[in-house]
There are 2 protein chains.
Amino acid sequence: MPEMRKDPITGRWTIIAESRARRPHDFSAAKPHRQTRVCPFCEGNEGNTVGEIAAYRQEGTERDKPGWRARVVPNMYPALEIEGALEKRAEGMYDVMNGIGAHEVIIESPLHVASTSDLPEENIRETLWIYRDRLEDLKKDKRLAYGLIFKNVGALAGASLEHTHSQLIALPIVPSNVQEELDGSEAYFRNRGRCVYCDMIRQELRAESRVVLDTPYFLAFCPFASRAPFETWVIPKKHSSHYEQINAEEVEDLAGVLKRTISKIELSLDRPAYNYIVHTAPFAEHALERFHWHIEIIPCLTRAAGFEQGAGFCINPAPPERAAEFMREAERESAES
Amino acid sequence: MPEMRKDPITGRWTIIAESRARRPHDFSAAKPHRQTRVCPFCEGNEGNTVGEIAAYRQEGTERDKPGWRARVVPNMYPALEIEGALEKRAEGMYDVMNGIGAHEVIIESPLHVASTSDLPEENIRETLWIYRDRLEDLKKDKRLAYGLIFKNVGALAGASLEHTHSQLIALPIVPSNVQEELDGSEAYFRNRGRCVYCDMIRQELRAESRVVLDTPYFLAFCPFASRAPFETWVIPKKHSSHYEQINAEEVEDLAGVLKRTISKIELSLDRPAYNYIVHTAPFAEHALERFHWHIEIIPCLTRAAGFEQGAGFCINPAPPERAAEFMREAERESAES
């Protein structure tokens, strides 16, 4: 059973998920690398990923068999385990709990492609609905506090398999970065009575210089204090704290926005590895006036070194105004050619 | 002039240090890579790094000429600039200040070696004294709030030059990670009237399982909530909040502890890239009962992916007890062979 341990100074948790490493350098891989020629996420290979949790499939097809369009399976090397009671204890001055949680893989399409930009919009839409379904389902489990959805594309971004997939890790605690956003947006709301994200949307639309895409329901922009070159946030224009409240018009629009935004990043930067992360409110919260769900897309270009680790903030060589300009033009040029 | 921008939600700063990139993919390097066969840090090549800020040199030798044992020069591609007044302004809802600060490189030896473990202890001792000297000097500058000392070893750790060197970035603000440690240790002190780091030293010495080295003045151990495999902290046993208060006995001891600890990491993990960071109190603070300076050494093994970015905490496949055991044995085995 993995273990969650709390740093007594900063309060940050670490998941200690002991690998089966025998020698020290085996630790260099966070999880055993699958040395298989057969992609376990392609149609026909469902036997390599059993225990399908959910799927969108053709009527009349069977669980763990072909006929699906999107599929959720347990991670083969889970960071947390779903079986058992949540136990908390002290170890001297330290706090520990056992690693209860869920670690799911969302296979976004039977197509063996790597990036969201390679997918038909229909696959992206169904992926967005699956995110909603899984959050709705997992939040019923009272041991769980938060569902973190993210996607790693490319080895540099931490992906161990190429076939396009997202992951969902449901945690028994609210992660520190999410808590920091909740606290920061609450302080802003207390002072001004407005959602800080709504204010950002208004200012970005007025300033225009950092806007990448502006559609009826979403804004894609490079944030003013971008931590990484070409960091881009995609945010619903209508205030909403919980991703799972997304509606059909928004899903329709967001699928196109995600595909186009990621294409623009890839056109500008020659298909870099990237991560995206869905920032949404914790399970237990009701609709919050102060928090606003969104997706952060971060290409992997610069390397976090000693400074970033020590300071907790970044040196970014690309001003977001320039990045947004490149990205606005990226599509224009490609459309012209 | 670089610019510091504040995220209005989390309060974290970013340094926007615009590179001279013309095309978007030039941004992939945080700083232009020096394509030179001549190592600018080797003795005889001082012309490649002019404006020596400080040095330990043989009597009678000249600034920016051979004859030095350790040397401090300005970073060629500084993240911050030292000239000018600190100006703060608003840009709509956002906070900005101009990028005033210092970015220095500490060349630790004329020897062209890569790691602290390759250096004679004499060089490490002088490097430790130079850290003290530079902090003492920079804290006189009232525009500056914090001096962050770190070392990147290996390309994966962000080093762009191989020749052994540390860096010091002095900032006009206290970085968020440091503030988090100050706040966390203050909360602990308020509750218990004791320094959390002193408590950790006592518990680790009693538990023994995470201890790597125990000397008269220092303890090297793998922290209970280690974020990365083989993460190791080196901490003075006598309470002290500011690195620059280090005394001669401690420098003597620390040079050996650093060299041996890093050797143990390298023996265990086949010479990985690594970072170390000096955690010390801000310039403006007097001696603090609640904060305790230390050095954190973090090998670069696992890759931070979407989960770590989203959650703000890590999945670590190597329990610190096992890492410490490997490290304690690493030296024993090599001594036996």
# chains A, B, ... in the order shown; residues from 1 in each chain; ligands from 1
>>> residues_around(residues="A:Gly158", least_positions_apart="4", cutoff="9 Å", atoms="only C-alpha atoms", output="list of chain:residue names")
A:Asn152, A:Val153, A:Gly154, A:Ala273, A:Tyr274, A:Asn275, B:Thr302, B:Arg303, B:Ala304, B:Ala305, B:Gly306
>>> residues_around(residues="A:Val257", least_positions_apart="5", cutoff="8 Å", atoms="only C-alpha atoms", output="list in words")
Leu213, Thr215, Phe218, Ala220 and Val234 of chain A
>>> write_last_selection(atoms="N, CA and C atoms", output="CSV table (one decimal), in the first residue's frame")
chain,number,residue,atom,x,y,z
A,213,LEU,N,-7.0,32.8,-28.4
A,213,LEU,CA,-8.2,32.5,-29.0
A,213,LEU,C,-9.4,33.0,-28.2
A,215,THR,N,-13.5,32.6,-28.2
A,215,THR,CA,-14.7,32.0,-28.8
A,215,THR,C,-15.9,32.4,-28.0
A,218,PHE,N,-15.2,30.3,-24.5
A,218,PHE,CA,-13.9,30.2,-23.9
A,218,PHE,C,-12.9,31.2,-24.4
A,220,ALA,N,-8.7,31.6,-24.6
A,220,ALA,CA,-7.3,31.0,-24.4
A,220,ALA,C,-6.3,32.1,-24.4
A,234,VAL,N,-6.9,28.0,-20.7
A,234,VAL,CA,-8.1,27.9,-21.4
A,234,VAL,C,-9.2,28.0,-20.3
>>> residues_around(residues="A:Ser226", least_positions_apart="6", cutoff="8 Å", atoms="only C-alpha atoms", output="NGL selection string")
(:A and (316 or 319-320)) or (:B and (14))
>>> write_last_selection(atoms="N, CA, C and O atoms", output="compact mmCIF listing (two decimals), in the first residue's frame")
# COMPACT_ATOMS: atom_id res chain seq x y z
N ASN A 316 11.42 32.94 -16.89
CA ASN A 316 10.81 32.63 -18.18
C ASN A 316 11.40 33.55 -19.24
O ASN A 316 11.23 34.76 -19.17
N PRO A 319 8.36 36.42 -22.97
CA PRO A 319 7.23 37.21 -22.47
C PRO A 319 5.92 36.68 -23.08
O PRO A 319 5.89 36.35 -24.26
N PRO A 320 4.86 36.58 -22.27
CA PRO A 320 3.60 36.02 -22.78
C PRO A 320 3.03 36.81 -23.96
O PRO A 320 2.35 36.23 -24.81
N THR B 14 7.17 35.63 -11.20
CA THR B 14 7.93 35.04 -12.30
C THR B 14 8.92 36.10 -12.76
O THR B 14 8.57 37.29 -12.81
>>> closest_residue(among="A:Tyr197, A:Trp68, A:Tyr77, A:Phe283", to="A:Tyr243", atoms="only C-alpha atoms")
A:Phe283
>>> closest_residue(among="B:Glu46, B:Gly256, B:Phe224, B:Asp118", to="A:Met4", atoms="only C-alpha atoms")
B:Phe224
>>> residues_around(residues="stretch 294-301 of chain A", least_positions_apart="3", cutoff="7 Å", atoms="only C-alpha atoms", output="list in words")
Leu156, Ala157, Ala228, Phe230, Glu231, Thr232, Trp233, Val234, Ile235, Pro236, Pro272, Ala273, Tyr274, Asn275, Tyr276, Ile277, Val278, His279 and Thr280 of chain A; Ser28 of chain B
>>> write_last_selection(atoms="C-alpha atoms", output="compact mmCIF listing (two decimals), in the first residue's frame")
# COMPACT_ATOMS: atom_id res chain seq x y z
CA LEU A 156 9.90 14.86 -21.70
CA ALA A 157 6.47 15.55 -20.22
CA ALA A 228 7.00 28.84 -18.81
CA PHE A 230 4.00 29.53 -24.26
CA GLU A 231 2.10 28.57 -21.12
CA THR A 232 -1.58 28.93 -22.10
CA TRP A 233 -4.75 28.88 -20.02
CA VAL A 234 -8.14 27.93 -21.43
CA ILE A 235 -10.97 29.28 -19.29
CA PRO A 236 -14.77 29.34 -19.60
CA PRO A 272 7.13 20.06 -28.00
CA ALA A 273 6.22 17.69 -25.19
CA TYR A 274 3.51 19.25 -23.03
CA ASN A 275 1.30 18.77 -20.00
CA TYR A 276 -2.18 20.04 -19.43
CA ILE A 277 -3.93 20.11 -16.11
CA VAL A 278 -7.59 20.64 -15.29
CA HIS A 279 -7.86 23.04 -12.33
CA THR A 280 -11.22 22.53 -10.65
CA SER B 28 13.55 26.34 -25.69
>>> atom_distance(atom1="atom CA of A:Tyr146", atom2="atom CA of A:Leu168")
10.0 Å
>>> residues_around(residues="B:Val73", least_positions_apart="4", cutoff="10 Å", atoms="only C-alpha atoms", output="PDB file with C-alpha atoms, in the first residue's frame")
ATOM      1  CA  PHE B  41      35.963  28.849 -16.112  1.00  0.00           C
ATOM      2  CA  GLU B  46      39.705  34.638 -17.363  1.00  0.00           C
ATOM      3  CA  THR B  49      34.538  36.074 -17.761  1.00  0.00           C
ATOM      4  CA  VAL B  50      35.465  39.624 -16.929  1.00  0.00           C
ATOM      5  CA  GLY B  51      34.480  41.847 -14.044  1.00  0.00           C
ATOM      6  CA  GLU B  52      35.603  39.528 -11.230  1.00  0.00           C
ATOM      7  CA  ILE B  53      33.501  40.402  -8.177  1.00  0.00           C
ATOM      8  CA  ALA B  54      35.599  38.543  -5.599  1.00  0.00           C
ATOM      9  CA  ALA B  55      38.291  35.874  -5.502  1.00  0.00           C
ATOM     10  CA  ASP B  64      40.757  38.629 -13.957  1.00  0.00           C
ATOM     11  CA  HIS B 103      23.202  36.984 -10.598  1.00  0.00           C
ATOM     12  CA  GLU B 104      26.684  35.741  -9.765  1.00  0.00           C
ATOM     13  CA  VAL B 105      28.643  32.636 -10.691  1.00  0.00           C
ATOM     14  CA  ILE B 106      30.998  31.110  -8.133  1.00  0.00           C
ATOM     15  CA  ILE B 107      33.778  29.172  -9.874  1.00  0.00           C
ATOM     16  CA  GLN B 167      25.300  30.420  -8.545  1.00  0.00           C
TER      17      GLN B 167
END
>>> residues_around(residues="B:Ser240", least_positions_apart="6", cutoff="9 Å", atoms="only C-alpha atoms", output="PyMOL selection string")
chain B and resi 246+287-289+291-293
>>> write_last_selection(atoms="N, CA and C atoms", output="compact mmCIF listing (two decimals), in the first residue's frame")
# COMPACT_ATOMS: atom_id res chain seq x y z
N ILE B 246 28.03 30.86 9.83
CA ILE B 246 28.83 29.62 9.92
C ILE B 246 30.22 29.94 10.49
N ALA B 287 18.72 36.98 13.90
CA ALA B 287 18.77 35.55 14.21
C ALA B 287 17.37 35.07 14.61
N LEU B 288 16.88 34.03 13.98
CA LEU B 288 15.53 33.54 14.23
C LEU B 288 15.56 32.24 15.02
N GLU B 289 14.74 32.18 16.06
CA GLU B 289 14.65 30.93 16.84
C GLU B 289 13.97 29.83 16.05
N PHE B 291 13.77 29.32 12.58
CA PHE B 291 14.27 28.86 11.28
C PHE B 291 15.70 28.36 11.40
N HIS B 292 16.08 27.41 10.56
CA HIS B 292 17.33 26.69 10.73
C HIS B 292 17.91 26.46 9.34
N TRP B 293 19.04 27.06 9.05
CA TRP B 293 19.57 26.93 7.69
C TRP B 293 20.01 25.49 7.42
>>> residues_around(residues="A:Arg134", least_positions_apart="5", cutoff="9 Å", atoms="only C-alpha atoms", output="NGL selection string")
:A and (54 or 72 or 129 or 139 or 147 or 168 or 244)
>>> closest_residue(among="A:Asn247, A:Ser176, A:Asn75, A:Thr116", to="chain B", atoms="only C-alpha atoms")
A:Ser176
>>> closest_residue(among="A:Gly47, A:Gly92, A:Pro282, A:Gly60", to="chain B", atoms="only C-alpha atoms")
A:Gly92
>>> closest_residue(among="B:Glu308, B:Glu122, B:Glu250, B:Glu285", to="chain A", atoms="only C-alpha atoms")
B:Glu308
>>> select_by_dssp(residues="stretch 116-238 of chain B", states="helix (DSSP H, G or I)", output="number ranges by chain")
B: 116-118, 121-138, 155-157, 176-192, 196-207
>>> select_by_dssp(residues="stretch 42-270 of chain B", states="strand (DSSP E)", output="number ranges by chain")
B: 54-57, 68-74, 88-91, 94-98, 102-107, 146-153, 165-171, 211-214, 218-221, 232-236
>>> write_last_selection(atoms="N, CA and C atoms", output="compact mmCIF listing (two decimals), in the first residue's frame")
# COMPACT_ATOMS: atom_id res chain seq x y z
N ALA B 54 34.82 38.93 -6.78
CA ALA B 54 35.60 38.54 -5.60
C ALA B 54 36.42 37.33 -5.98
N ALA B 55 37.48 37.07 -5.24
CA ALA B 55 38.29 35.87 -5.50
C ALA B 55 39.18 35.59 -4.30
N TYR B 56 39.55 34.33 -4.15
CA TYR B 56 40.65 33.97 -3.28
C TYR B 56 41.82 33.68 -4.21
N ARG B 57 42.88 34.49 -4.10
CA ARG B 57 43.99 34.34 -5.04
C ARG B 57 45.34 34.37 -4.33
N TRP B 68 44.16 32.34 -9.08
CA TRP B 68 43.04 32.26 -8.14
C TRP B 68 42.77 30.81 -7.75
N ARG B 69 42.09 30.66 -6.61
CA ARG B 69 41.65 29.33 -6.19
C ARG B 69 40.12 29.21 -6.26
N ALA B 70 39.44 30.35 -6.06
CA ALA B 70 37.98 30.41 -6.21
C ALA B 70 37.66 31.83 -6.67
N ARG B 71 36.62 31.97 -7.48
CA ARG B 71 36.43 33.23 -8.17
C ARG B 71 34.94 33.47 -8.39
N VAL B 72 34.50 34.71 -8.18
CA VAL B 72 33.09 35.07 -8.38
C VAL B 72 33.01 36.06 -9.54
N VAL B 73 32.17 35.75 -10.52
CA VAL B 73 32.01 36.62 -11.70
C VAL B 73 30.52 36.83 -11.97
N PRO B 74 30.17 37.90 -12.71
CA PRO B 74 28.74 38.07 -13.05
C PRO B 74 28.30 37.00 -14.04
N LYS B 88 8.20 49.74 -8.61
CA LYS B 88 7.03 48.86 -8.58
C LYS B 88 5.86 49.59 -9.22
N ARG B 89 5.06 48.87 -9.98
CA ARG B 89 3.91 49.52 -10.60
C ARG B 89 2.79 48.50 -10.80
N ALA B 90 1.61 49.01 -11.15
CA ALA B 90 0.50 48.13 -11.48
C ALA B 90 0.32 48.12 -12.99
N GLU B 91 -0.13 47.01 -13.52
CA GLU B 91 -0.56 46.98 -14.91
C GLU B 91 -1.98 46.42 -14.87
N TYR B 94 -2.62 43.66 -12.33
CA TYR B 94 -1.39 42.91 -12.08
C TYR B 94 -0.30 43.76 -11.42
N ASP B 95 0.59 43.11 -10.67
CA ASP B 95 1.73 43.78 -10.03
C ASP B 95 3.02 43.43 -10.77
N VAL B 96 3.83 44.45 -11.01
CA VAL B 96 5.09 44.28 -11.72
C VAL B 96 6.17 45.05 -10.98
N MET B 97 7.40 44.56 -10.99
CA MET B 97 8.53 45.39 -10.59
C MET B 97 9.67 45.14 -11.57
N ASN B 98 10.56 46.10 -11.69
CA ASN B 98 11.65 45.83 -12.60
C ASN B 98 12.66 44.87 -11.96
N ALA B 102 21.02 40.54 -8.29
CA ALA B 102 22.37 40.13 -8.69
C ALA B 102 22.31 38.69 -9.14
N HIS B 103 23.11 38.37 -10.13
CA HIS B 103 23.20 36.98 -10.60
C HIS B 103 24.68 36.66 -10.78
N GLU B 104 25.25 35.99 -9.80
CA GLU B 104 26.68 35.74 -9.76
C GLU B 104 27.00 34.26 -9.95
N VAL B 105 28.17 34.01 -10.53
CA VAL B 105 28.64 32.64 -10.69
C VAL B 105 29.87 32.45 -9.80
N ILE B 106 29.87 31.39 -9.02
CA ILE B 106 31.00 31.11 -8.13
C ILE B 106 31.78 29.94 -8.73
N ILE B 107 32.94 30.23 -9.29
CA ILE B 107 33.78 29.17 -9.87
C ILE B 107 34.58 28.58 -8.72
N TYR B 146 16.84 38.82 -0.39
CA TYR B 146 17.20 37.41 -0.22
C TYR B 146 18.32 37.00 -1.16
N GLY B 147 19.22 36.16 -0.68
CA GLY B 147 20.29 35.60 -1.52
C GLY B 147 20.13 34.11 -1.63
N LEU B 148 19.84 33.65 -2.84
CA LEU B 148 19.60 32.22 -3.07
C LEU B 148 20.84 31.61 -3.71
N ILE B 149 21.47 30.68 -3.00
CA ILE B 149 22.67 29.99 -3.50
C ILE B 149 22.28 28.58 -3.91
N PHE B 150 22.70 28.20 -5.11
CA PHE B 150 22.37 26.85 -5.60
C PHE B 150 23.45 26.37 -6.54
N LYS B 151 23.46 25.07 -6.77
CA LYS B 151 24.41 24.48 -7.68
C LYS B 151 23.68 23.48 -8.58
N ASN B 152 23.90 23.58 -9.88
CA ASN B 152 23.35 22.63 -10.85
C ASN B 152 24.51 21.80 -11.38
N VAL B 153 24.43 20.49 -11.29
CA VAL B 153 25.49 19.62 -11.81
C VAL B 153 24.89 18.67 -12.84
N HIS B 165 30.72 24.82 -10.60
CA HIS B 165 30.38 26.18 -10.19
C HIS B 165 29.04 26.21 -9.46
N SER B 166 28.89 27.21 -8.61
CA SER B 166 27.61 27.47 -7.97
C SER B 166 27.09 28.81 -8.50
N GLN B 167 25.85 29.13 -8.16
CA GLN B 167 25.30 30.42 -8.55
C GLN B 167 24.64 31.07 -7.34
N LEU B 168 24.61 32.39 -7.36
CA LEU B 168 23.90 33.14 -6.33
C LEU B 168 23.00 34.14 -7.05
N ILE B 169 21.71 34.05 -6.79
CA ILE B 169 20.78 35.04 -7.31
C ILE B 169 20.22 35.80 -6.11
N ALA B 170 20.50 37.11 -6.08
CA ALA B 170 19.98 37.94 -4.99
C ALA B 170 18.74 38.65 -5.51
N LEU B 171 17.66 38.57 -4.73
CA LEU B 171 16.34 38.99 -5.19
C LEU B 171 15.79 40.16 -4.36
N VAL B 211 19.24 8.24 8.50
CA VAL B 211 20.52 8.95 8.64
C VAL B 211 21.52 8.47 7.60
N VAL B 212 22.18 9.40 6.96
CA VAL B 212 23.22 9.07 5.98
C VAL B 212 24.60 9.28 6.60
N LEU B 213 24.77 10.41 7.28
CA LEU B 213 26.05 10.72 7.93
C LEU B 213 25.77 11.51 9.20
N ASP B 214 26.55 11.23 10.23
CA ASP B 214 26.38 11.93 11.50
C ASP B 214 27.78 12.33 11.97
N PHE B 218 27.36 18.26 11.88
CA PHE B 218 26.30 18.14 10.87
C PHE B 218 25.63 16.78 10.87
N LEU B 219 24.37 16.80 10.39
CA LEU B 219 23.63 15.56 10.14
C LEU B 219 23.21 15.58 8.67
N ALA B 220 23.48 14.47 7.97
CA ALA B 220 22.95 14.30 6.61
C ALA B 220 21.91 13.19 6.69
N PHE B 221 20.70 13.48 6.20
CA PHE B 221 19.62 12.48 6.28
C PHE B 221 18.65 12.64 5.12
N THR B 232 18.51 14.39 -0.05
CA THR B 232 19.26 14.38 1.21
C THR B 232 19.45 15.80 1.72
N TRP B 233 19.20 15.99 3.01
CA TRP B 233 19.41 17.29 3.64
C TRP B 233 20.65 17.24 4.52
N VAL B 234 21.43 18.31 4.47
CA VAL B 234 22.59 18.44 5.34
C VAL B 234 22.34 19.63 6.25
N ILE B 235 22.31 19.41 7.55
CA ILE B 235 21.86 20.45 8.48
C ILE B 235 22.82 20.57 9.67
N PRO B 236 23.13 21.80 10.08
CA PRO B 236 24.00 21.96 11.25
C PRO B 236 23.26 21.53 12.52
>>> atom_distance(atom1="atom CA of A:Gln203", atom2="atom CA of B:Met1")
24.5 Å
>>> atom_distance(atom1="atom CA of B:Ser209", atom2="atom CA of B:Cys222")
9.0 Å
>>> closest_residue(among="B:Pro317, B:Gly67, B:Pro40, B:Pro8", to="A:Cys195", atoms="only C-alpha atoms")
B:Pro8
>>> decode(residues="stretch 225-253 of chain B", atoms="N, CA and C atoms", output="CSV table (one decimal), in the first residue's frame")
chain,number,residue,atom,x,y,z
B,225,ALA,N,9.5,13.0,4.4
B,225,ALA,CA,8.6,13.2,3.3
B,225,ALA,C,9.4,13.5,2.0
B,226,SER,N,10.5,12.8,1.8
B,226,SER,CA,11.3,13.1,0.6
B,226,SER,C,10.5,13.2,-0.7
B,227,ARG,N,10.7,14.3,-1.4
B,227,ARG,CA,10.0,14.5,-2.7
B,227,ARG,C,10.6,13.7,-3.8
B,228,ALA,N,11.9,13.4,-3.7
B,228,ALA,CA,12.6,12.7,-4.8
B,228,ALA,C,13.4,11.6,-4.3
B,229,PRO,N,13.6,10.6,-5.1
B,229,PRO,CA,14.5,9.5,-4.6
B,229,PRO,C,15.9,10.0,-4.2
B,230,PHE,N,16.4,9.6,-3.1
B,230,PHE,CA,17.7,10.0,-2.6
B,230,PHE,C,17.9,11.5,-2.3
B,231,GLU,N,16.8,12.2,-2.1
B,231,GLU,CA,16.8,13.6,-1.6
B,231,GLU,C,17.5,13.5,-0.3
B,232,THR,N,18.5,14.4,0.0
B,232,THR,CA,19.3,14.4,1.2
B,232,THR,C,19.4,15.8,1.7
B,233,TRP,N,19.2,16.0,3.0
B,233,TRP,CA,19.4,17.3,3.6
B,233,TRP,C,20.7,17.2,4.5
B,234,VAL,N,21.4,18.3,4.5
B,234,VAL,CA,22.6,18.4,5.3
B,234,VAL,C,22.3,19.6,6.3
B,235,ILE,N,22.3,19.4,7.6
B,235,ILE,CA,21.9,20.5,8.5
B,235,ILE,C,22.8,20.6,9.7
B,236,PRO,N,23.1,21.8,10.1
B,236,PRO,CA,24.0,22.0,11.3
B,236,PRO,C,23.3,21.5,12.5
B,237,LYS,N,23.9,20.8,13.4
B,237,LYS,CA,23.3,20.4,14.6
B,237,LYS,C,23.0,21.5,15.6
B,238,LYS,N,23.8,22.5,15.5
B,238,LYS,CA,23.6,23.7,16.4
B,238,LYS,C,22.7,24.6,15.7
B,239,HIS,N,21.6,25.1,16.4
B,239,HIS,CA,20.6,25.9,15.8
B,239,HIS,C,21.2,27.2,15.3
B,240,SER,N,20.9,27.6,14.0
B,240,SER,CA,21.4,28.8,13.4
B,240,SER,C,20.5,29.1,12.2
B,241,SER,N,20.0,30.3,12.1
B,241,SER,CA,19.0,30.6,11.0
B,241,SER,C,19.7,31.1,9.8
B,242,HIS,N,20.9,31.7,9.9
B,242,HIS,CA,21.5,32.3,8.7
B,242,HIS,C,22.8,31.6,8.4
B,243,TYR,N,22.9,31.2,7.2
B,243,TYR,CA,24.2,30.5,6.7
B,243,TYR,C,25.4,31.3,7.0
B,244,GLU,N,25.3,32.6,6.8
B,244,GLU,CA,26.5,33.5,6.9
B,244,GLU,C,27.1,33.5,8.4
B,245,GLN,N,26.4,32.9,9.3
B,245,GLN,CA,26.9,32.8,10.7
B,245,GLN,C,27.8,31.6,10.9
B,246,ILE,N,28.0,30.9,9.8
B,246,ILE,CA,28.8,29.6,9.9
B,246,ILE,C,30.2,29.9,10.5
B,247,ASN,N,30.8,29.0,11.3
B,247,ASN,CA,32.1,29.3,11.9
B,247,ASN,C,33.1,28.3,11.3
B,248,ALA,N,34.4,28.5,11.7
B,248,ALA,CA,35.5,27.7,11.0
B,248,ALA,C,35.4,26.2,11.2
B,249,GLU,N,35.0,25.8,12.5
B,249,GLU,CA,34.8,24.3,12.7
B,249,GLU,C,33.7,23.7,11.8
B,250,GLU,N,32.6,24.5,11.7
B,250,GLU,CA,31.5,24.0,10.9
B,250,GLU,C,31.9,23.9,9.4
B,251,VAL,N,32.7,24.9,8.9
B,251,VAL,CA,33.1,24.9,7.5
B,251,VAL,C,34.0,23.7,7.3
B,252,GLU,N,34.9,23.5,8.2
B,252,GLU,CA,35.8,22.3,8.1
B,252,GLU,C,35.0,21.0,8.0
B,253,ASP,N,34.1,20.9,8.9
B,253,ASP,CA,33.2,19.7,8.9
B,253,ASP,C,32.3,19.6,7.7
